[in-house]
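Reviewing the structure listed below.
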Amino acid sequence: MRTLAALVFPGFQTLDYFGPMEMLGDPTYEIDVITVAAGANPVPSRHGQRIVPDITMSERTEYDLLFIPGGDSALEECVAPDFLQWIRDVSANAERVMAVCTGTIVLGMTGLLDGKRATTNKMDFTSTVHLAPKVQWVKQARWVEDGKFFTSSGVSAGTDMALGALANLYGEEKAEKTALECEYSWHRDPNVDPFARLAGLV
């Protein structure tokens, strides 16, 4: 049984979070998904749904896996020094660290991605990557794997990245079965990213 800290914050992007959780929470993997927030109160998503955290950030930093969603509010809600330090502390011992969209920018601001390849939302790419200038930002990639860090482009790309991380941990056949059971068309090739061109990045 692995433990997964799934971070939420006010305004988190709904699909950033629930798409990957659909895959990572598949009972096949025996991953204990633990929703973590700064406080104990229900946390509203960007679309208004509220999720009740299982635990607060101050209570624990030992997890096997870490997941950070994005959202327009991430760069306001998640950049306080104690917030960034919590991410550093959890990442220090985590087997895999996953981030989606602007969640990748937050992860980059911790310094953990310095010198590493990563990607983020293509529609906000040029207005956000300067916040973590030492990251080797990849303009055209649906998701990027560098060591234990898995980062993805915007919203729906997080689900593909989560499946990529599962394939890395448990084998591609198992990840493919998860996608099939969800009737989800998994984009396995992380380099196929038409949105980079639409955003004028390539």
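Ligands are numbered from 1 in the order shown, chains are lettered A, B, ... in the order of the structure tokens, and residues start at 1 in each chain.
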
Taking the backbone alone, and naming residues the way the document does, which bits of region 22-189 of chain A are helix (DSSP H, G or I) by DSSP, as a PyMOL selection string? chain A and resi 22-24+27-29+57-59+74-77+81-93+102-109+125-131+157-170+172-181

Can you tell me, as a ChimeraX atom specification, which residues in region 63-184 of chain A count as strand (DSSP E) by DSSP? /A:65-68,96-100,117-118,136-137,143-146,149-152

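Take CA of Tyr184 (chain A) and CA of Tyr29 (chain A): the distance between them is 17.7 Å.
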
Could you build a table of the residues in region 84-133 of chain A lying no more than 12 Å from region 186-193 of chain A, giving for each the nearest pair of atoms and their separation in Å rounded to one decimal place, using only C-alpha atoms, ordered by chain and ascending residue number, as CSV?
residue,atom,partner,partner_atom,distance
A:Ala118,CA,A:Pro190,CA,11.5
A:Thr119,CA,A:Pro190,CA,10.6
A:Thr120,CA,A:Asp193,CA,11.4
A:Asn121,CA,A:Asp193,CA,10.9
A:Lys122,CA,A:Asp193,CA,9.3

Write the residues of the preceding selection, restricted to N, CA and C atoms, as a short mmCIF file (atom, residue, chain, number, x, y, z; two decimals), in the first residue's frame.
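Everything below was put into again11.cif:
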data_model
loop_
_atom_site.label_atom_id
_atom_site.label_comp_id
_atom_site.auth_asym_id
_atom_site.auth_seq_id
_atom_site.Cartn_x
_atom_site.Cartn_y
_atom_site.Cartn_z
N ALA A 118 10.68 20.07 -17.44
CA ALA A 118 9.29 20.08 -16.98
C ALA A 118 8.45 20.84 -17.99
N THR A 119 7.13 20.69 -17.86
CA THR A 119 6.24 21.46 -18.73
C THR A 119 5.04 21.93 -17.92
N THR A 120 4.25 22.81 -18.53
CA THR A 120 3.09 23.37 -17.87
C THR A 120 2.06 23.76 -18.92
N ASN A 121 0.98 24.36 -18.48
CA ASN A 121 -0.12 24.78 -19.35
C ASN A 121 0.39 25.66 -20.49
N LYS A 122 0.07 25.29 -21.72
CA LYS A 122 0.59 26.03 -22.86
C LYS A 122 -0.07 27.39 -23.04
#

Considering only C-alpha atoms, tabulate each residue of region 134-178 of chain A that lies at most 9 Å from region 87-109 of chain A along with its nearest interatomic pair and the corresponding distance in Å to one decimal; arrange the rows by chain and ascending residue number and present them as a tab-separated table.
residue	atom	partner	partner_atom	distance
A:Lys134	CA	A:Gly108	CA	8.3
A:Val135	CA	A:Gly108	CA	6.7
A:Trp143	CA	A:Val100	CA	8.7
A:Gly147	CA	A:Arg96	CA	8.4
A:Lys148	CA	A:Arg96	CA	4.7
A:Phe149	CA	A:Val97	CA	4.9
A:Phe150	CA	A:Met98	CA	4.7
A:Thr151	CA	A:Ala99	CA	4.9
A:Ser152	CA	A:Val100	CA	4.9
A:Ser153	CA	A:Cys101	CA	5.1
A:Gly154	CA	A:Cys101	CA	4.5
A:Val155	CA	A:Cys101	CA	6.4
A:Ala157	CA	A:Val100	CA	7.7
A:Gly158	CA	A:Val100	CA	5.4
A:Met161	CA	A:Met98	CA	8.1
A:Ala162	CA	A:Met98	CA	7.6
A:Ala165	CA	A:Arg96	CA	7.8
A:Leu169	CA	A:Arg96	CA	8.8

Find the residues near Tyr170 (chain A): any atom within 12 Å, counting only C-alpha atoms, skip ones fewer than 5 places away on the same chain, and give them as a PyMOL selection string. chain A and resi 2+24+28-31+162-165+175-178

Requested write-out: all heavy atoms of the selected residues, as an mmCIF file, in the first residue's frame:
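Below you can see part-v3.cif, which holds the result:
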data_model
loop_
_atom_site.group_PDB
_atom_site.id
_atom_site.type_symbol
_atom_site.label_atom_id
_atom_site.label_comp_id
_atom_site.auth_asym_id
_atom_site.auth_seq_id
_atom_site.Cartn_x
_atom_site.Cartn_y
_atom_site.Cartn_z
ATOM 1 N N ARG A 2 0.732 2.101 -1.010
ATOM 2 C CA ARG A 2 1.406 3.387 -1.052
ATOM 3 C C ARG A 2 0.449 4.478 -0.578
ATOM 4 O O ARG A 2 -0.762 4.383 -0.777
ATOM 5 C CB ARG A 2 1.874 3.708 -2.476
ATOM 6 C CG ARG A 2 3.094 2.929 -2.954
ATOM 7 C CD ARG A 2 3.457 3.354 -4.365
ATOM 8 N NE ARG A 2 4.782 2.914 -4.761
ATOM 9 C CZ ARG A 2 5.033 1.829 -5.489
ATOM 10 N NH1 ARG A 2 4.033 1.050 -5.885
ATOM 11 N NH2 ARG A 2 6.281 1.500 -5.811
ATOM 12 N N LEU A 24 -5.302 7.260 -10.456
ATOM 13 C CA LEU A 24 -4.434 6.918 -9.322
ATOM 14 C C LEU A 24 -5.193 6.219 -8.199
ATOM 15 O O LEU A 24 -4.608 5.450 -7.428
ATOM 16 C CB LEU A 24 -3.781 8.192 -8.777
ATOM 17 C CG LEU A 24 -2.826 8.903 -9.741
ATOM 18 C CD1 LEU A 24 -2.563 10.334 -9.272
ATOM 19 C CD2 LEU A 24 -1.521 8.144 -9.878
ATOM 20 N N THR A 28 -6.876 -1.292 -7.911
ATOM 21 C CA THR A 28 -5.851 -2.230 -8.376
ATOM 22 C C THR A 28 -4.476 -1.896 -7.797
ATOM 23 O O THR A 28 -3.678 -2.790 -7.502
ATOM 24 C CB THR A 28 -5.755 -2.197 -9.915
ATOM 25 O OG1 THR A 28 -7.029 -2.537 -10.465
ATOM 26 C CG2 THR A 28 -4.708 -3.172 -10.431
ATOM 27 N N TYR A 29 -4.197 -0.606 -7.642
ATOM 28 C CA TYR A 29 -2.857 -0.182 -7.251
ATOM 29 C C TYR A 29 -2.665 -0.121 -5.736
ATOM 30 O O TYR A 29 -1.551 0.070 -5.271
ATOM 31 C CB TYR A 29 -2.552 1.187 -7.861
ATOM 32 C CG TYR A 29 -2.697 1.191 -9.361
ATOM 33 C CD1 TYR A 29 -3.781 1.819 -9.967
ATOM 34 C CD2 TYR A 29 -1.772 0.544 -10.176
ATOM 35 C CE1 TYR A 29 -3.938 1.812 -11.344
ATOM 36 C CE2 TYR A 29 -1.915 0.534 -11.546
ATOM 37 C CZ TYR A 29 -3.006 1.166 -12.130
ATOM 38 O OH TYR A 29 -3.163 1.142 -13.489
ATOM 39 N N GLU A 30 -3.750 -0.227 -5.008
ATOM 40 C CA GLU A 30 -3.686 -0.152 -3.540
ATOM 41 C C GLU A 30 -2.957 1.119 -3.089
ATOM 42 O O GLU A 30 -2.071 1.083 -2.231
ATOM 43 C CB GLU A 30 -3.014 -1.402 -2.960
ATOM 44 C CG GLU A 30 -3.788 -2.679 -3.241
ATOM 45 C CD GLU A 30 -3.191 -3.892 -2.543
ATOM 46 O OE1 GLU A 30 -1.967 -3.897 -2.288
ATOM 47 O OE2 GLU A 30 -3.940 -4.823 -2.242
ATOM 48 N N ILE A 31 -3.355 2.242 -3.693
ATOM 49 C CA ILE A 31 -2.827 3.541 -3.295
ATOM 50 C C ILE A 31 -3.849 4.198 -2.368
ATOM 51 O O ILE A 31 -5.014 4.356 -2.732
ATOM 52 C CB ILE A 31 -2.562 4.433 -4.519
ATOM 53 C CG1 ILE A 31 -1.438 3.848 -5.392
ATOM 54 C CG2 ILE A 31 -2.186 5.848 -4.080
ATOM 55 C CD1 ILE A 31 -1.213 4.592 -6.698
ATOM 56 N N ALA A 162 -0.815 11.089 -15.255
ATOM 57 C CA ALA A 162 -1.043 10.161 -14.146
ATOM 58 C C ALA A 162 -0.928 8.718 -14.614
ATOM 59 O O ALA A 162 -0.336 7.875 -13.927
ATOM 60 C CB ALA A 162 -2.419 10.409 -13.526
ATOM 61 N N LEU A 163 -1.464 8.435 -15.787
ATOM 62 C CA LEU A 163 -1.332 7.090 -16.346
ATOM 63 C C LEU A 163 0.125 6.778 -16.668
ATOM 64 O O LEU A 163 0.583 5.645 -16.488
ATOM 65 C CB LEU A 163 -2.207 6.950 -17.597
ATOM 66 C CG LEU A 163 -3.709 6.837 -17.329
ATOM 67 C CD1 LEU A 163 -4.509 7.077 -18.612
ATOM 68 C CD2 LEU A 163 -4.053 5.469 -16.745
ATOM 69 N N GLY A 164 0.858 7.786 -17.136
ATOM 70 C CA GLY A 164 2.283 7.591 -17.386
ATOM 71 C C GLY A 164 3.047 7.261 -16.113
ATOM 72 O O GLY A 164 3.934 6.404 -16.106
ATOM 73 N N ALA A 165 2.689 7.930 -15.023
ATOM 74 C CA ALA A 165 3.330 7.644 -13.739
ATOM 75 C C ALA A 165 2.970 6.249 -13.255
ATOM 76 O O ALA A 165 3.814 5.520 -12.712
ATOM 77 C CB ALA A 165 2.916 8.696 -12.706
ATOM 78 N N ALA A 175 -1.513 0.025 -16.508
ATOM 79 C CA ALA A 175 -2.024 1.379 -16.741
ATOM 80 C C ALA A 175 -3.002 1.394 -17.905
ATOM 81 O O ALA A 175 -4.048 2.061 -17.857
ATOM 82 C CB ALA A 175 -0.869 2.330 -17.015
ATOM 83 N N GLU A 176 -2.699 0.640 -18.941
ATOM 84 C CA GLU A 176 -3.595 0.542 -20.091
ATOM 85 C C GLU A 176 -4.941 -0.052 -19.685
ATOM 86 O O GLU A 176 -6.007 0.399 -20.132
ATOM 87 C CB GLU A 176 -2.946 -0.300 -21.185
ATOM 88 C CG GLU A 176 -3.845 -0.597 -22.380
ATOM 89 C CD GLU A 176 -4.321 0.653 -23.086
ATOM 90 O OE1 GLU A 176 -3.539 1.607 -23.214
ATOM 91 O OE2 GLU A 176 -5.493 0.678 -23.500
ATOM 92 N N LYS A 177 -4.925 -1.038 -18.816
ATOM 93 C CA LYS A 177 -6.160 -1.662 -18.337
ATOM 94 C C LYS A 177 -7.004 -0.643 -17.566
ATOM 95 O O LYS A 177 -8.230 -0.599 -17.711
ATOM 96 C CB LYS A 177 -5.834 -2.859 -17.454
ATOM 97 C CG LYS A 177 -7.036 -3.682 -17.022
ATOM 98 C CD LYS A 177 -6.591 -4.949 -16.300
ATOM 99 C CE LYS A 177 -7.776 -5.842 -15.969
ATOM 100 N NZ LYS A 177 -8.648 -5.249 -14.924
ATOM 101 N N THR A 178 -6.350 0.186 -16.775
ATOM 102 C CA THR A 178 -7.061 1.232 -16.041
ATOM 103 C C THR A 178 -7.739 2.200 -16.995
ATOM 104 O O THR A 178 -8.914 2.552 -16.825
ATOM 105 C CB THR A 178 -6.087 1.998 -15.126
ATOM 106 O OG1 THR A 178 -5.529 1.095 -14.179
ATOM 107 C CG2 THR A 178 -6.788 3.129 -14.395
#

List as a ChimeraX atom specification the protein and nucleic acid residues near Gly48 (chain A), meaning an atom at most 10 Å away when only C-alpha atoms are counted, but skip any in the same chain fewer than 5 places from it. /A:10-12,14,43

Take the residues just selected and output them with C-alpha atoms as a short mmCIF file (atom, residue, chain, number, x, y, z; two decimals), in the first residue's frame.
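Result file follows (again.cif):
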data_model
loop_
_atom_site.label_atom_id
_atom_site.label_comp_id
_atom_site.auth_asym_id
_atom_site.auth_seq_id
_atom_site.Cartn_x
_atom_site.Cartn_y
_atom_site.Cartn_z
CA PRO A 10 -9.15 27.19 -2.90
CA GLY A 11 -9.81 27.44 -6.63
CA PHE A 12 -8.04 24.22 -7.64
CA THR A 14 -11.53 20.44 -11.05
CA VAL A 43 -12.02 23.47 0.01
#

Neighbour list for Phe18 (chain A) as a ChimeraX atom specification, cut-off 12 Å, only C-alpha atoms, skip fewer than 4 positions in-chain: /A:6-8,12-14,22-25,33,35,45,49,51,67-70,100,155-156,158-159,162

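Put simply, CA of Asp72 (chain A) is 21.7 Å away from CA of Pro194 (chain A).
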
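For Arg60 (chain A), the set of protein, DNA and RNA residues having any atom at most 12 Å away, when counting only C-alpha atoms and skipping those fewer than 4 positions along the same chain, is Thr3, Leu4, Ala5, Ile34, Thr35, Val36, Ala37, Ala38, Asp54, Ile55, Thr56, Trp86, Ile87, Asp89 and Val90 of chain A.
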
Pairwise distance, CA of Ala40 (chain A) with CA of Leu112 (chain A), equals 26.9 Å
